[in-house]
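Asks: One file is attached below, protein.cif, containing mmCIF, C-alpha atoms and all ligand atoms.
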data_input
#
loop_
_atom_site.label_atom_id
_atom_site.label_comp_id
_atom_site.auth_asym_id
_atom_site.auth_seq_id
_atom_site.Cartn_x
_atom_site.Cartn_y
_atom_site.Cartn_z
CA MET A 1 -39.26 104.30 57.95
CA ARG A 2 -40.06 100.74 56.91
CA ASP A 3 -42.31 100.23 59.97
CA THR A 4 -44.20 103.47 59.29
CA ILE A 5 -44.78 102.50 55.67
CA ARG A 6 -46.04 99.03 56.67
CA ARG A 7 -48.30 100.52 59.31
CA PHE A 8 -49.77 102.92 56.75
CA GLU A 9 -50.25 100.05 54.30
CA ASP A 10 -52.13 97.96 56.89
CA ARG A 11 -54.40 100.87 57.76
CA VAL A 12 -55.11 101.65 54.10
CA ILE A 13 -55.95 98.01 53.36
CA ALA A 14 -58.24 98.05 56.40
CA GLY A 15 -60.14 100.93 54.76
CA GLU A 16 -58.64 104.00 56.45
CA LEU A 17 -57.51 107.07 54.53
CA LEU A 18 -54.14 108.68 55.19
CA THR A 19 -54.14 112.34 56.19
CA TYR A 20 -52.31 115.14 54.42
CA GLU A 21 -49.68 115.07 57.20
CA GLU A 22 -49.17 111.33 56.75
CA GLY A 23 -48.85 111.82 53.01
CA CYS A 24 -46.13 114.37 53.74
CA GLN A 25 -44.33 111.79 55.89
CA LEU A 26 -44.21 109.53 52.83
CA ALA A 27 -43.15 112.48 50.68
CA ALA A 28 -40.13 112.96 52.98
CA ILE A 29 -38.71 109.59 51.88
CA GLU A 30 -35.59 110.13 49.77
CA ALA A 31 -36.19 108.78 46.27
CA ASP A 32 -32.58 107.53 46.24
CA SER A 33 -32.86 105.66 49.53
CA PRO A 34 -33.68 101.97 50.06
CA ASP A 35 -36.96 103.15 51.69
CA LEU A 36 -38.28 103.79 48.19
CA LEU A 37 -38.43 100.04 47.55
CA ASP A 38 -40.45 99.56 50.76
CA LEU A 39 -42.83 102.30 49.63
CA ILE A 40 -43.20 100.69 46.20
CA SER A 41 -43.81 97.25 47.72
CA SER A 42 -46.55 98.62 49.97
CA ALA A 43 -48.15 100.51 47.07
CA ASN A 44 -48.07 97.32 45.02
CA ARG A 45 -49.89 95.37 47.73
CA VAL A 46 -52.48 98.13 48.04
CA ARG A 47 -52.98 98.11 44.25
CA LEU A 48 -53.42 94.34 44.22
CA HIS A 49 -55.84 94.49 47.14
CA PHE A 50 -58.12 97.14 45.65
CA LYS A 51 -57.59 96.85 41.90
CA GLY A 52 -56.27 93.34 41.22
CA THR A 53 -54.16 92.69 38.12
CA ARG A 54 -56.34 94.50 35.62
CA VAL A 55 -54.91 97.48 33.66
CA ASP A 56 -57.41 99.71 31.82
CA THR A 57 -56.36 101.50 28.65
CA CYS A 58 -57.44 104.55 26.71
CA SER A 59 -56.24 106.51 23.72
CA ILE A 60 -56.78 110.07 22.48
CA VAL A 61 -56.87 112.17 19.33
CA ASN A 62 -55.94 115.82 19.18
CA ALA A 63 -59.10 116.90 17.36
CA LYS A 64 -58.37 120.63 17.42
CA SER A 65 -54.79 121.72 17.83
CA GLY A 66 -52.98 124.90 18.84
CA SER A 67 -53.89 128.61 19.11
CA CYS A 68 -55.40 128.19 22.56
CA SER A 69 -56.34 131.40 24.37
CA GLU A 70 -55.07 130.05 27.73
CA ASP A 71 -51.50 130.39 28.99
CA CYS A 72 -50.82 127.09 30.77
CA ALA A 73 -47.05 127.12 31.21
CA PHE A 74 -46.53 123.47 30.30
CA CYS A 75 -48.54 123.54 27.09
CA SER A 76 -47.15 123.97 23.58
CA GLN A 77 -50.66 124.62 22.24
CA SER A 78 -51.04 127.96 23.98
CA ALA A 79 -51.12 130.98 21.64
CA HIS A 80 -49.21 132.89 24.35
CA HIS A 81 -46.00 130.87 24.00
CA GLY A 82 -45.37 130.61 20.26
CA ALA A 83 -44.02 127.07 20.66
CA GLY A 84 -44.57 126.44 16.96
CA VAL A 85 -47.01 123.58 17.34
CA GLU A 86 -49.24 122.81 14.35
CA SER A 87 -52.63 124.57 14.53
CA TYR A 88 -55.75 123.20 12.89
CA PRO A 89 -59.53 123.56 13.41
CA LEU A 90 -61.84 120.77 14.55
CA LEU A 91 -61.16 117.59 12.55
CA ASP A 92 -63.98 116.26 10.39
CA SER A 93 -66.00 113.23 11.36
CA GLU A 94 -64.10 110.85 9.05
CA SER A 95 -60.67 111.77 10.50
CA ILE A 96 -61.89 111.36 14.06
CA GLY A 97 -63.60 108.09 13.09
CA ARG A 98 -60.37 106.73 11.56
CA ALA A 99 -58.36 107.61 14.69
CA ALA A 100 -61.02 105.94 16.86
CA ASP A 101 -61.01 102.78 14.72
CA GLU A 102 -57.22 102.58 15.02
CA ALA A 103 -57.36 103.01 18.80
CA PHE A 104 -60.14 100.48 19.36
CA ASP A 105 -58.58 97.96 16.96
CA ALA A 106 -55.31 98.19 18.94
CA GLY A 107 -57.18 97.33 22.11
CA ALA A 108 -57.93 100.70 23.72
CA GLU A 109 -61.20 100.49 25.65
CA ALA A 110 -61.85 104.21 25.54
CA PHE A 111 -61.16 106.88 22.98
CA GLY A 112 -60.95 110.53 23.96
CA ILE A 113 -61.58 113.53 21.69
CA VAL A 114 -59.33 116.36 22.86
CA ALA A 115 -59.55 120.01 21.82
CA ALA A 116 -57.15 122.85 22.54
CA TRP A 117 -59.34 125.75 23.54
CA LYS A 118 -60.52 127.37 26.73
CA GLY A 119 -63.73 125.41 26.79
CA LEU A 120 -67.17 124.81 25.37
CA ARG A 121 -69.83 127.37 24.52
CA GLU A 122 -73.12 127.20 22.68
CA GLY A 123 -72.84 127.63 18.91
CA PRO A 124 -72.24 125.75 15.65
CA GLU A 125 -68.86 124.37 16.80
CA LEU A 126 -70.42 122.66 19.82
CA ASP A 127 -73.20 121.28 17.60
CA GLN A 128 -70.59 119.83 15.21
CA LEU A 129 -68.61 118.36 18.06
CA LEU A 130 -71.66 116.68 19.55
CA ASP A 131 -72.49 115.25 16.10
CA ARG A 132 -68.99 113.73 15.89
CA ILE A 133 -69.42 112.24 19.36
CA ARG A 134 -72.83 110.77 18.41
CA ASP A 135 -71.31 109.25 15.23
CA LEU A 136 -68.65 107.46 17.30
CA VAL A 137 -71.07 106.34 19.98
CA ALA A 138 -73.33 104.86 17.28
CA LYS A 139 -70.45 102.66 16.08
CA ASN A 140 -70.44 101.03 19.52
CA LYS A 141 -66.75 100.02 19.48
CA GLY A 142 -65.83 101.35 22.92
CA HIS A 143 -66.31 104.26 25.28
CA VAL A 144 -66.25 107.73 23.76
CA ASP A 145 -64.62 110.28 26.04
CA GLY A 146 -63.92 114.00 25.80
CA SER A 147 -61.29 116.43 27.00
CA LEU A 148 -62.85 119.62 25.76
CA GLY A 149 -61.99 122.21 28.38
CA HIS A 150 -64.12 124.33 30.64
CA VAL A 151 -67.84 123.48 30.83
CA PRO A 152 -69.53 126.79 31.65
CA ASN A 153 -73.02 125.61 32.61
CA ASP A 154 -75.24 122.64 33.44
CA THR A 155 -77.00 122.76 30.05
CA ILE A 156 -73.79 122.03 28.16
CA ALA A 157 -72.88 119.31 30.66
CA ARG A 158 -76.29 117.72 30.02
CA ARG A 159 -75.82 117.98 26.23
CA LEU A 160 -72.50 116.14 26.53
CA LYS A 161 -74.19 113.41 28.54
CA GLU A 162 -77.04 113.13 26.03
CA ALA A 163 -74.58 112.86 23.12
CA GLY A 164 -73.06 109.84 24.86
CA VAL A 165 -69.83 111.12 26.45
CA HIS A 166 -68.77 108.36 28.82
CA THR A 167 -65.90 110.07 30.67
CA TYR A 168 -64.68 113.66 30.54
CA ASN A 169 -61.08 114.57 31.27
CA HIS A 170 -60.40 117.82 33.07
CA ASN A 171 -57.18 117.81 35.06
CA LEU A 172 -56.66 119.94 38.14
CA GLU A 173 -53.05 120.10 36.81
CA THR A 174 -51.35 121.01 40.08
CA ALA A 175 -51.98 121.92 43.72
CA PRO A 176 -54.12 125.01 44.35
CA SER A 177 -51.16 126.66 46.09
CA HIS A 178 -49.06 126.29 42.89
CA PHE A 179 -51.76 126.85 40.26
CA ALA A 180 -51.19 130.60 39.79
CA ASN A 181 -47.54 129.88 38.88
CA ILE A 182 -48.73 127.66 36.05
CA CYS A 183 -51.72 129.51 34.62
CA SER A 184 -53.03 133.08 34.84
CA THR A 185 -55.96 132.96 32.41
CA HIS A 186 -58.19 130.76 34.56
CA THR A 187 -58.21 129.52 38.14
CA PHE A 188 -58.03 126.27 40.03
CA GLU A 189 -61.60 126.97 41.18
CA ASP A 190 -62.77 127.20 37.51
CA ARG A 191 -61.45 123.67 37.04
CA VAL A 192 -63.18 122.39 40.16
CA GLN A 193 -66.50 123.91 38.99
CA THR A 194 -66.28 122.15 35.63
CA ILE A 195 -65.71 118.83 37.39
CA GLN A 196 -68.70 119.42 39.66
CA ARG A 197 -70.93 120.28 36.69
CA LEU A 198 -69.91 117.12 34.88
CA LYS A 199 -70.55 114.99 37.93
CA GLY A 200 -73.93 116.67 38.34
CA ALA A 201 -74.81 115.62 34.77
CA GLY A 202 -73.86 112.02 35.53
CA ILE A 203 -70.66 111.99 33.44
CA ARG A 204 -67.67 110.07 34.77
CA VAL A 205 -64.72 112.37 35.45
CA CYS A 206 -61.05 111.80 34.72
CA SER A 207 -58.92 114.34 36.54
CA GLY A 208 -55.31 114.30 37.60
CA GLY A 209 -52.18 116.32 37.38
CA ILE A 210 -48.84 117.01 35.79
CA PHE A 211 -45.81 116.44 37.99
CA GLY A 212 -42.44 118.11 37.62
CA MET A 213 -43.66 121.70 37.13
CA GLY A 214 -41.64 123.11 40.02
CA GLU A 215 -44.13 122.04 42.71
CA SER A 216 -42.86 120.81 46.07
CA TRP A 217 -43.45 117.31 47.43
CA GLU A 218 -45.97 118.77 49.87
CA GLN A 219 -47.85 120.30 46.93
CA ARG A 220 -48.01 116.88 45.26
CA VAL A 221 -49.66 115.57 48.43
CA GLU A 222 -51.94 118.65 48.51
CA LEU A 223 -53.14 117.83 44.98
CA ALA A 224 -53.73 114.20 45.97
CA VAL A 225 -56.01 115.31 48.82
CA HIS A 226 -58.00 117.64 46.52
CA LEU A 227 -58.44 114.92 43.90
CA ARG A 228 -59.54 112.49 46.59
CA ASP A 229 -62.09 114.98 47.93
CA LEU A 230 -63.54 115.43 44.43
CA ASP A 231 -64.07 111.66 44.21
CA THR A 232 -63.40 111.39 40.49
CA ASP A 233 -63.27 108.15 38.51
CA VAL A 234 -59.86 108.15 36.81
CA LEU A 235 -56.70 109.98 37.84
CA PRO A 236 -54.18 110.51 35.04
CA MET A 237 -50.61 111.00 36.24
CA ASN A 238 -48.64 113.02 33.72
CA PHE A 239 -44.95 113.80 34.06
CA LEU A 240 -43.77 117.03 32.48
CA ASN A 241 -42.00 116.63 29.18
CA PRO A 242 -40.52 120.15 28.94
CA LEU A 243 -41.25 121.36 25.42
CA GLU A 244 -39.23 123.98 23.62
CA GLY A 245 -40.91 127.37 23.46
CA THR A 246 -42.98 126.87 26.61
CA PRO A 247 -42.20 128.73 29.85
CA LEU A 248 -41.29 125.39 31.42
CA GLU A 249 -38.85 124.39 28.67
CA SER A 250 -35.93 124.52 31.15
CA ALA A 251 -37.71 122.77 34.02
CA THR A 252 -35.65 120.02 35.61
CA PRO A 253 -37.42 116.75 34.88
CA LEU A 254 -38.24 114.36 37.72
CA THR A 255 -35.93 111.37 37.93
CA PRO A 256 -37.47 107.95 37.22
CA ARG A 257 -37.32 107.15 40.95
CA GLU A 258 -39.08 110.43 41.82
CA CYS A 259 -41.85 109.49 39.37
CA LEU A 260 -42.21 106.09 41.04
CA LYS A 261 -42.27 107.70 44.46
CA THR A 262 -45.07 110.04 43.31
CA ILE A 263 -47.16 107.15 41.96
CA ALA A 264 -46.63 105.10 45.13
CA ILE A 265 -47.67 108.01 47.39
CA TYR A 266 -50.81 108.49 45.25
CA ARG A 267 -51.68 104.80 45.54
CA LEU A 268 -51.43 104.98 49.33
CA MET A 269 -53.34 108.28 49.50
CA LEU A 270 -56.02 107.20 46.97
CA PRO A 271 -56.18 103.44 47.42
CA THR A 272 -59.27 102.82 45.26
CA ALA A 273 -58.50 105.36 42.49
CA ASN A 274 -57.82 104.34 38.92
CA LEU A 275 -54.30 105.74 38.60
CA MET A 276 -53.53 106.14 34.94
CA LEU A 277 -49.97 106.36 33.71
CA ALA A 278 -50.21 109.13 31.10
CA GLY A 279 -48.14 111.75 29.26
CA GLY A 280 -44.39 111.97 29.66
CA ARG A 281 -43.94 108.44 30.93
CA GLU A 282 -41.45 107.45 28.22
CA VAL A 283 -39.27 110.54 28.73
CA ASN A 284 -39.35 110.58 32.53
CA LEU A 285 -39.52 106.93 33.57
CA ARG A 286 -37.37 105.62 30.75
CA ASP A 287 -36.36 102.00 31.50
CA LEU A 288 -38.34 102.04 34.74
CA GLN A 289 -41.72 102.44 32.97
CA SER A 290 -42.83 98.95 33.86
CA TRP A 291 -42.13 99.66 37.55
CA ALA A 292 -44.96 102.20 37.52
CA PHE A 293 -47.48 99.38 37.85
CA HIS A 294 -45.71 97.90 40.88
CA ALA A 295 -45.67 101.44 42.26
CA GLY A 296 -49.47 101.49 42.05
CA ALA A 297 -50.67 102.46 38.55
CA ASN A 298 -53.59 100.37 37.25
CA ALA A 299 -54.40 102.13 33.98
CA CYS A 300 -52.39 103.34 31.05
CA MET A 301 -52.82 105.77 28.20
CA VAL A 302 -51.69 104.15 24.97
CA GLY A 303 -50.75 105.51 21.54
CA ASN A 304 -49.66 109.07 20.86
CA TYR A 305 -50.12 112.08 23.13
CA LEU A 306 -51.41 115.48 22.01
CA THR A 307 -48.26 116.94 20.52
CA THR A 308 -45.67 114.23 21.16
CA PRO A 309 -45.50 110.62 19.99
CA GLY A 310 -46.02 107.76 22.44
CA ARG A 311 -44.58 104.30 21.98
CA SER A 312 -46.27 101.49 20.09
CA THR A 313 -49.18 99.61 21.64
CA ALA A 314 -47.29 96.39 20.81
CA GLU A 315 -44.52 97.42 23.21
CA ASP A 316 -47.03 98.37 25.91
CA SER A 317 -48.90 95.15 25.40
CA ARG A 318 -45.68 93.15 25.76
CA MET A 319 -44.73 95.11 28.91
CA LEU A 320 -48.10 94.46 30.59
CA SER A 321 -48.11 90.81 29.65
CA ASP A 322 -44.52 90.39 30.91
CA LEU A 323 -45.64 91.93 34.21
CA GLY A 324 -48.43 89.35 34.46
CA LEU A 325 -51.09 92.07 34.23
CA ASP A 326 -54.38 91.72 32.34
CA SER A 327 -55.10 94.33 29.69
CA PRO A 328 -57.31 94.47 26.62
CA LEU A 329 -54.30 95.11 24.37
CA ALA A 330 -53.63 92.34 21.88
CA VAL A 331 -50.43 90.51 22.89
CA PRO A 332 -47.96 90.59 20.02
CA GLN A 333 -46.78 87.22 18.76
CA PRO A 334 -43.07 86.45 19.04
CA VAL A 335 -41.20 87.32 15.86
CA ALA A 336 -39.47 84.32 14.24
CA THR A 337 -35.75 85.00 13.80
CA GLN A 338 -33.49 83.85 10.98
CA ASP A 339 -30.95 82.52 13.42
CA ALA A 340 -31.95 79.07 14.68
CA SER A 341 -29.27 78.95 17.37
CA PRO A 342 -30.97 79.07 20.79
CA LEU A 343 -28.30 81.21 22.39
CA LYS A 344 -26.18 83.97 21.02
CA VAL A 345 -23.23 85.15 23.06
CA ILE A 346 -22.17 88.71 22.42
CA SER A 347 -18.89 89.73 23.93
CA VAL A 348 -18.43 93.38 24.77
CA GLY A 349 -15.14 95.09 25.49
CA ALA A 350 -11.52 94.06 25.06
S1 LIG B 401 -53.56 122.97 28.57
FE1 LIG B 401 -55.50 123.18 27.47
S2 LIG B 401 -56.30 125.14 28.19
FE2 LIG B 401 -54.13 125.14 28.75
S3 LIG B 401 -53.09 126.15 26.99
FE3 LIG B 401 -53.05 123.94 26.61
S4 LIG B 401 -54.84 123.53 25.33
FE4 LIG B 401 -55.15 125.55 26.31
#
Take the structure in the file and give it back as structure tokens.
Replies:
Amino acid sequence: MRDTIRRFEDRVIAGELLTYEEGCQLAAIEADSPDLLDLISSANRVRLHFKGTRVDTCSIVNAKSGSCSEDCAFCSQSAHHGAGVESYPLLDSESIGRAADEAFDAGAEAFGIVAAWKGLREGPELDQLLDRIRDLVAKNKGHVDGSLGHVPNDTIARRLKEAGVHTYNHNLETAPSHFANICSTHTFEDRVQTIQRLKGAGIRVCSGGIFGMGESWEQRVELAVHLRDLDTDVLPMNFLNPLEGTPLESATPLTPRECLKTIAIYRLMLPTANLMLAGGREVNLRDLQSWAFHAGANACMVGNYLTTPGRSTAEDSRMLSDLGLDSPLAVPQPVATQDASPLKVISVGA
């Protein structure tokens, strides 16, 4: 397998794209086999070739939580599941402004306003939302992004652009052949249409998926091909954190090595994409989180997620700096200890 992986790497670096079938060849690698390290090494070289050592960062606020009309099986904010998540209406301008200040001060380059609802429609709520976006854009502290659901027409897409939305997140979530198992209240095609409308309005698009929702390895490759065809700007890679009360609460999580394998396949399939390590990374990758960048990630969501806490930006900053990667996060200073002795030996066991 090593020769095949190296051959694929050479072709990708020379500018060729791997086919779906070739992606499936990579997907057949056992995550527990030594071939995984070859795959990761190749993905790392491809990342360095196309993206260098830079890691982009963004942060989000859950600006409207819970009671969503949609039934996405992974989501604790759906009104269909009764997962007991806190519900609240659209946050006021001050609350969103405070969250944005915190994110930008910690070094996030982009700040995303996220709302749990089916999507946007004309009316006072959209007007308020656009006002909040304009307020943030006027502060000029970083990019203002949105993850506000379905965009039903070109007029609303244009209004988002005019208000100053820099990038809009709308994940495809999973492969088209698996989508109906995950959501019945809207379709994969609805999601694709929103992305096309946003692109038509000149808004950058962030679209990726959630892995570990019962999809096969071939379906992970299928999603990669669809995302590549859509030619979006950022590709968030989320790993399911099964939440109590959701239909996927008993899903078997991916192992850390399966997560790394997924990232590495995506780097080889989408060599120039901005692969963003996103939700569920702490729970699924555990101590192997830092490996995700060697496996091909070149962007990272920092701070808290929508309904679950993330880890501190100081820890992420330390991780990226230890990896020798460049990020806008402020590097924490070493903490002075009380103990002046340079070496402490701790003996464990009998
Ligand atoms: S993922 Fe979005 S659209 Fe789906 S239930 Fe959750 S908040 Fe609603």
Asks: Using all atoms listed in the file, tabulate the residues of chain A lying at most 8 Å from any atom of ligand LIG 401 (chain B), each with its closest atom pair and that distance in Å to one decimal, by chain and increasing residue number, as CSV.
Replies:
residue,atom,partner,partner_atom,distance
A:Ser65,CA,B:LIG401,S4,7.7
A:Gly66,CA,B:LIG401,S4,6.9
A:Ser67,CA,B:LIG401,FE4,7.9
A:Cys68,CA,B:LIG401,FE4,4.6
A:Ser69,CA,B:LIG401,FE4,6.3
A:Glu70,CA,B:LIG401,S3,4.4
A:Asp71,CA,B:LIG401,S3,5.0
A:Cys72,CA,B:LIG401,FE2,4.3
A:Ala73,CA,B:LIG401,S3,7.4
A:Phe74,CA,B:LIG401,S1,7.3
A:Cys75,CA,B:LIG401,FE3,4.6
A:Ser76,CA,B:LIG401,FE3,6.6
A:Gln77,CA,B:LIG401,FE3,5.0
A:Ser78,CA,B:LIG401,S3,4.1
A:Ala79,CA,B:LIG401,S3,7.5
A:Ala115,CA,B:LIG401,S4,6.8
A:Ala116,CA,B:LIG401,S4,3.7
A:Trp117,CA,B:LIG401,FE4,5.0
A:Lys118,CA,B:LIG401,S2,5.0
A:Gly119,CA,B:LIG401,S2,7.6
A:Gly149,CA,B:LIG401,S2,6.4
A:Cys183,CA,B:LIG401,FE2,7.7
Asks: List as a list in words the protein and nucleic acid residues near A:Arg257, meaning an atom at most 8 Å away when all atoms listed in the file are counted, but skip any in the same chain fewer than 5 places from it.
Replies: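 My list of contacting residues is Ala31, Asp32 and Leu285 of chain A.
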Asks: Show me the residues around (-57.4, 111.2, 16.2) - criterion: an atom at most 12 Å away, only C-alpha atoms counted - as number ranges by chain.
Replies: A: 59-65, 90-104, 111-115, 132, 136, 146, 303-307
Asks: Any idea what the distance is between atom CA of A:Leu39 and atom CA of A:Gln219?
Replies: 18.9 Å
Asks: In Å, how far is it from atom CA of A:Pro328 to atom CA of A:Gly107?
Replies: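 Computed distance, atom CA of A:Pro328 to atom CA of A:Gly107, equals 5.3 Å.
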Asks: In Å, with one decimal, what is the gap from atom CA of A:Ser177 to atom CA of A:Ile265?
Replies: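 These two atoms are separated by 19.0 Å.
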Asks: Need the shell around A:Asp287: protein/DNA/RNA residues with any atom at most 9 Å away, counting all atoms listed in the file. Skip same-chain ones fewer than 4 positions apart. Format as a compact mmCIF listing (two decimals) with C-alpha atoms, keeping the file's coordinate frame?
Replies:
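Contents of the output file part_0.txt:
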# COMPACT_ATOMS: atom_id res chain seq x y z
CA PRO A 256 -37.47 107.95 37.22
CA GLU A 282 -41.45 107.45 28.22
CA TRP A 291 -42.13 99.66 37.55
Asks: With all atoms listed in the file as the basis for distance, which of A:Asn298, A:Gln196, A:Thr4, A:Thr57 is at the shortest distance from A:Glu22?
Replies: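 When distances to A:Glu22 are compared using all atoms listed in the file, the smallest one comes from A:Thr4.
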Asks: Between A:Pro34, A:Gly123, A:Gly23, A:Gly15, single out the one closest to A:Glu218, counting only C-alpha atoms.
Replies: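 That would be A:Gly23, the residue with the smallest distance to A:Glu218.
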Asks: From the list A:Leu260, A:Val151, A:Val12, A:Val192, which residue is nearest A:Thr272 when using all atoms listed in the file?
Replies: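 Smallest separation from A:Thr272 among the options: A:Val12.
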Asks: If we count only C-alpha atoms, what is near stretch 166-176 of chain A at a cut-off of 6 Å, once residues fewer than 2 positions away on the same chain are taken out, given as a compact mmCIF listing (two decimals) with C-alpha atoms, in the coordinates of the input?
Replies:
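Printed below is out-v8.txt as written:
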# COMPACT_ATOMS: atom_id res chain seq x y z
CA HIS A 143 -66.31 104.26 25.28
CA VAL A 144 -66.25 107.73 23.76
CA ASP A 145 -64.62 110.28 26.04
CA GLY A 146 -63.92 114.00 25.80
CA SER A 147 -61.29 116.43 27.00
CA HIS A 178 -49.06 126.29 42.89
CA PHE A 179 -51.76 126.85 40.26
CA PHE A 188 -58.03 126.27 40.03
CA ILE A 203 -70.66 111.99 33.44
CA ARG A 204 -67.67 110.07 34.77
CA VAL A 205 -64.72 112.37 35.45
CA CYS A 206 -61.05 111.80 34.72
CA SER A 207 -58.92 114.34 36.54
CA GLY A 208 -55.31 114.30 37.60
CA GLY A 209 -52.18 116.32 37.38
CA ILE A 210 -48.84 117.01 35.79
CA GLN A 219 -47.85 120.30 46.93
CA GLU A 222 -51.94 118.65 48.51
CA LEU A 223 -53.14 117.83 44.98
Asks: Which of these residues is nearest to A:Asn181, using only C-alpha atoms: A:Met269, A:Leu160, A:Leu227, A:Leu248?
Replies: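 Once distances to A:Asn181 are computed over only C-alpha atoms, the minimum belongs to A:Leu248.
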Asks: Can you pull out every residue within 12 Å of A:Met319, counting only C-alpha atoms, but drop anything in the same chain fewer than 4 positions away, and send it as a list of chain:residue names?
Replies: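 The filter keeps A:Val55, A:Asp287, A:Leu288, A:Gln289, A:Ser290, A:Trp291, A:Ala292, A:Phe293, A:Cys300, A:Arg311, A:Ser312, A:Thr313, A:Ala314, A:Glu315, A:Leu323, A:Gly324, A:Leu325, A:Asp326, A:Ser327, A:Leu329, A:Ala330, A:Val331, A:Pro332.
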Asks: Which residue gives the smallest distance to A:Leu126 among A:Glu215, A:Ala157, A:Glu249, A:Glu30, with all atoms listed in the file counted?
Replies: A:Ala157
Asks: Which of these, A:Pro242, A:Ala201, A:Gly142, A:Glu189, has the shortest distance to A:Ile156 once you count only C-alpha atoms?
Replies: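 Counting only C-alpha atoms, the residue closest to A:Ile156 is A:Ala201.
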Asks: Around all the atoms of stretch 122-135 of chain A listed in the file, draw an axis-aligned box and extend it by 3 Å on each of the six sides; I want its centre and edge lengths in Å to one decimal, as AutoDock Vina command-line options.
Replies:
--center_x -70.9 --center_y 118.4 --center_z 18.9 --size_x 10.6 --size_y 24.4 --size_z 13.5
Asks: Within 7 Å of (-48.0, 111.1, 47.1) in the file's own coordinates, which protein, DNA or RNA residues have an atom, counting all atoms listed in the file? List them as a PyMOL selection string.
Replies: chain A and resi 23+27+220-221+224+262-266+269
Asks: Rebuild stretch 226-237 of chain A to N, CA and C atoms - output it as a tab-separated table (two decimals), keeping the file's coordinate frame, please.
Replies:
chain	number	residue	atom	x	y	z
A	226	HIS	N	-56.91	116.97	47.26
A	226	HIS	CA	-58.00	117.64	46.52
A	226	HIS	C	-58.67	116.67	45.53
A	227	LEU	N	-57.86	115.88	44.86
A	227	LEU	CA	-58.44	114.92	43.90
A	227	LEU	C	-59.27	113.88	44.65
A	228	ARG	N	-58.79	113.48	45.79
A	228	ARG	CA	-59.54	112.49	46.59
A	228	ARG	C	-60.88	113.08	47.03
A	229	ASP	N	-60.85	114.34	47.47
A	229	ASP	CA	-62.09	114.98	47.93
A	229	ASP	C	-63.11	115.10	46.79
A	230	LEU	N	-62.62	115.28	45.56
A	230	LEU	CA	-63.54	115.43	44.43
A	230	LEU	C	-64.15	114.08	44.01
A	231	ASP	N	-63.55	113.00	44.47
A	231	ASP	CA	-64.07	111.66	44.21
A	231	ASP	C	-64.33	111.44	42.71
A	232	THR	N	-63.27	111.59	41.94
A	232	THR	CA	-63.40	111.39	40.49
A	232	THR	C	-63.15	109.92	40.15
A	233	ASP	N	-63.29	109.57	38.88
A	233	ASP	CA	-63.27	108.15	38.51
A	233	ASP	C	-61.91	107.65	38.03
A	234	VAL	N	-61.18	108.52	37.33
A	234	VAL	CA	-59.86	108.15	36.81
A	234	VAL	C	-58.91	109.29	37.13
A	235	LEU	N	-57.66	108.94	37.48
A	235	LEU	CA	-56.70	109.98	37.84
A	235	LEU	C	-55.44	109.84	36.97
A	236	PRO	N	-55.38	110.59	35.87
A	236	PRO	CA	-54.18	110.51	35.04
A	236	PRO	C	-52.97	111.16	35.71
A	237	MET	N	-51.85	110.46	35.68
A	237	MET	CA	-50.61	111.00	36.24
A	237	MET	C	-49.67	111.29	35.07
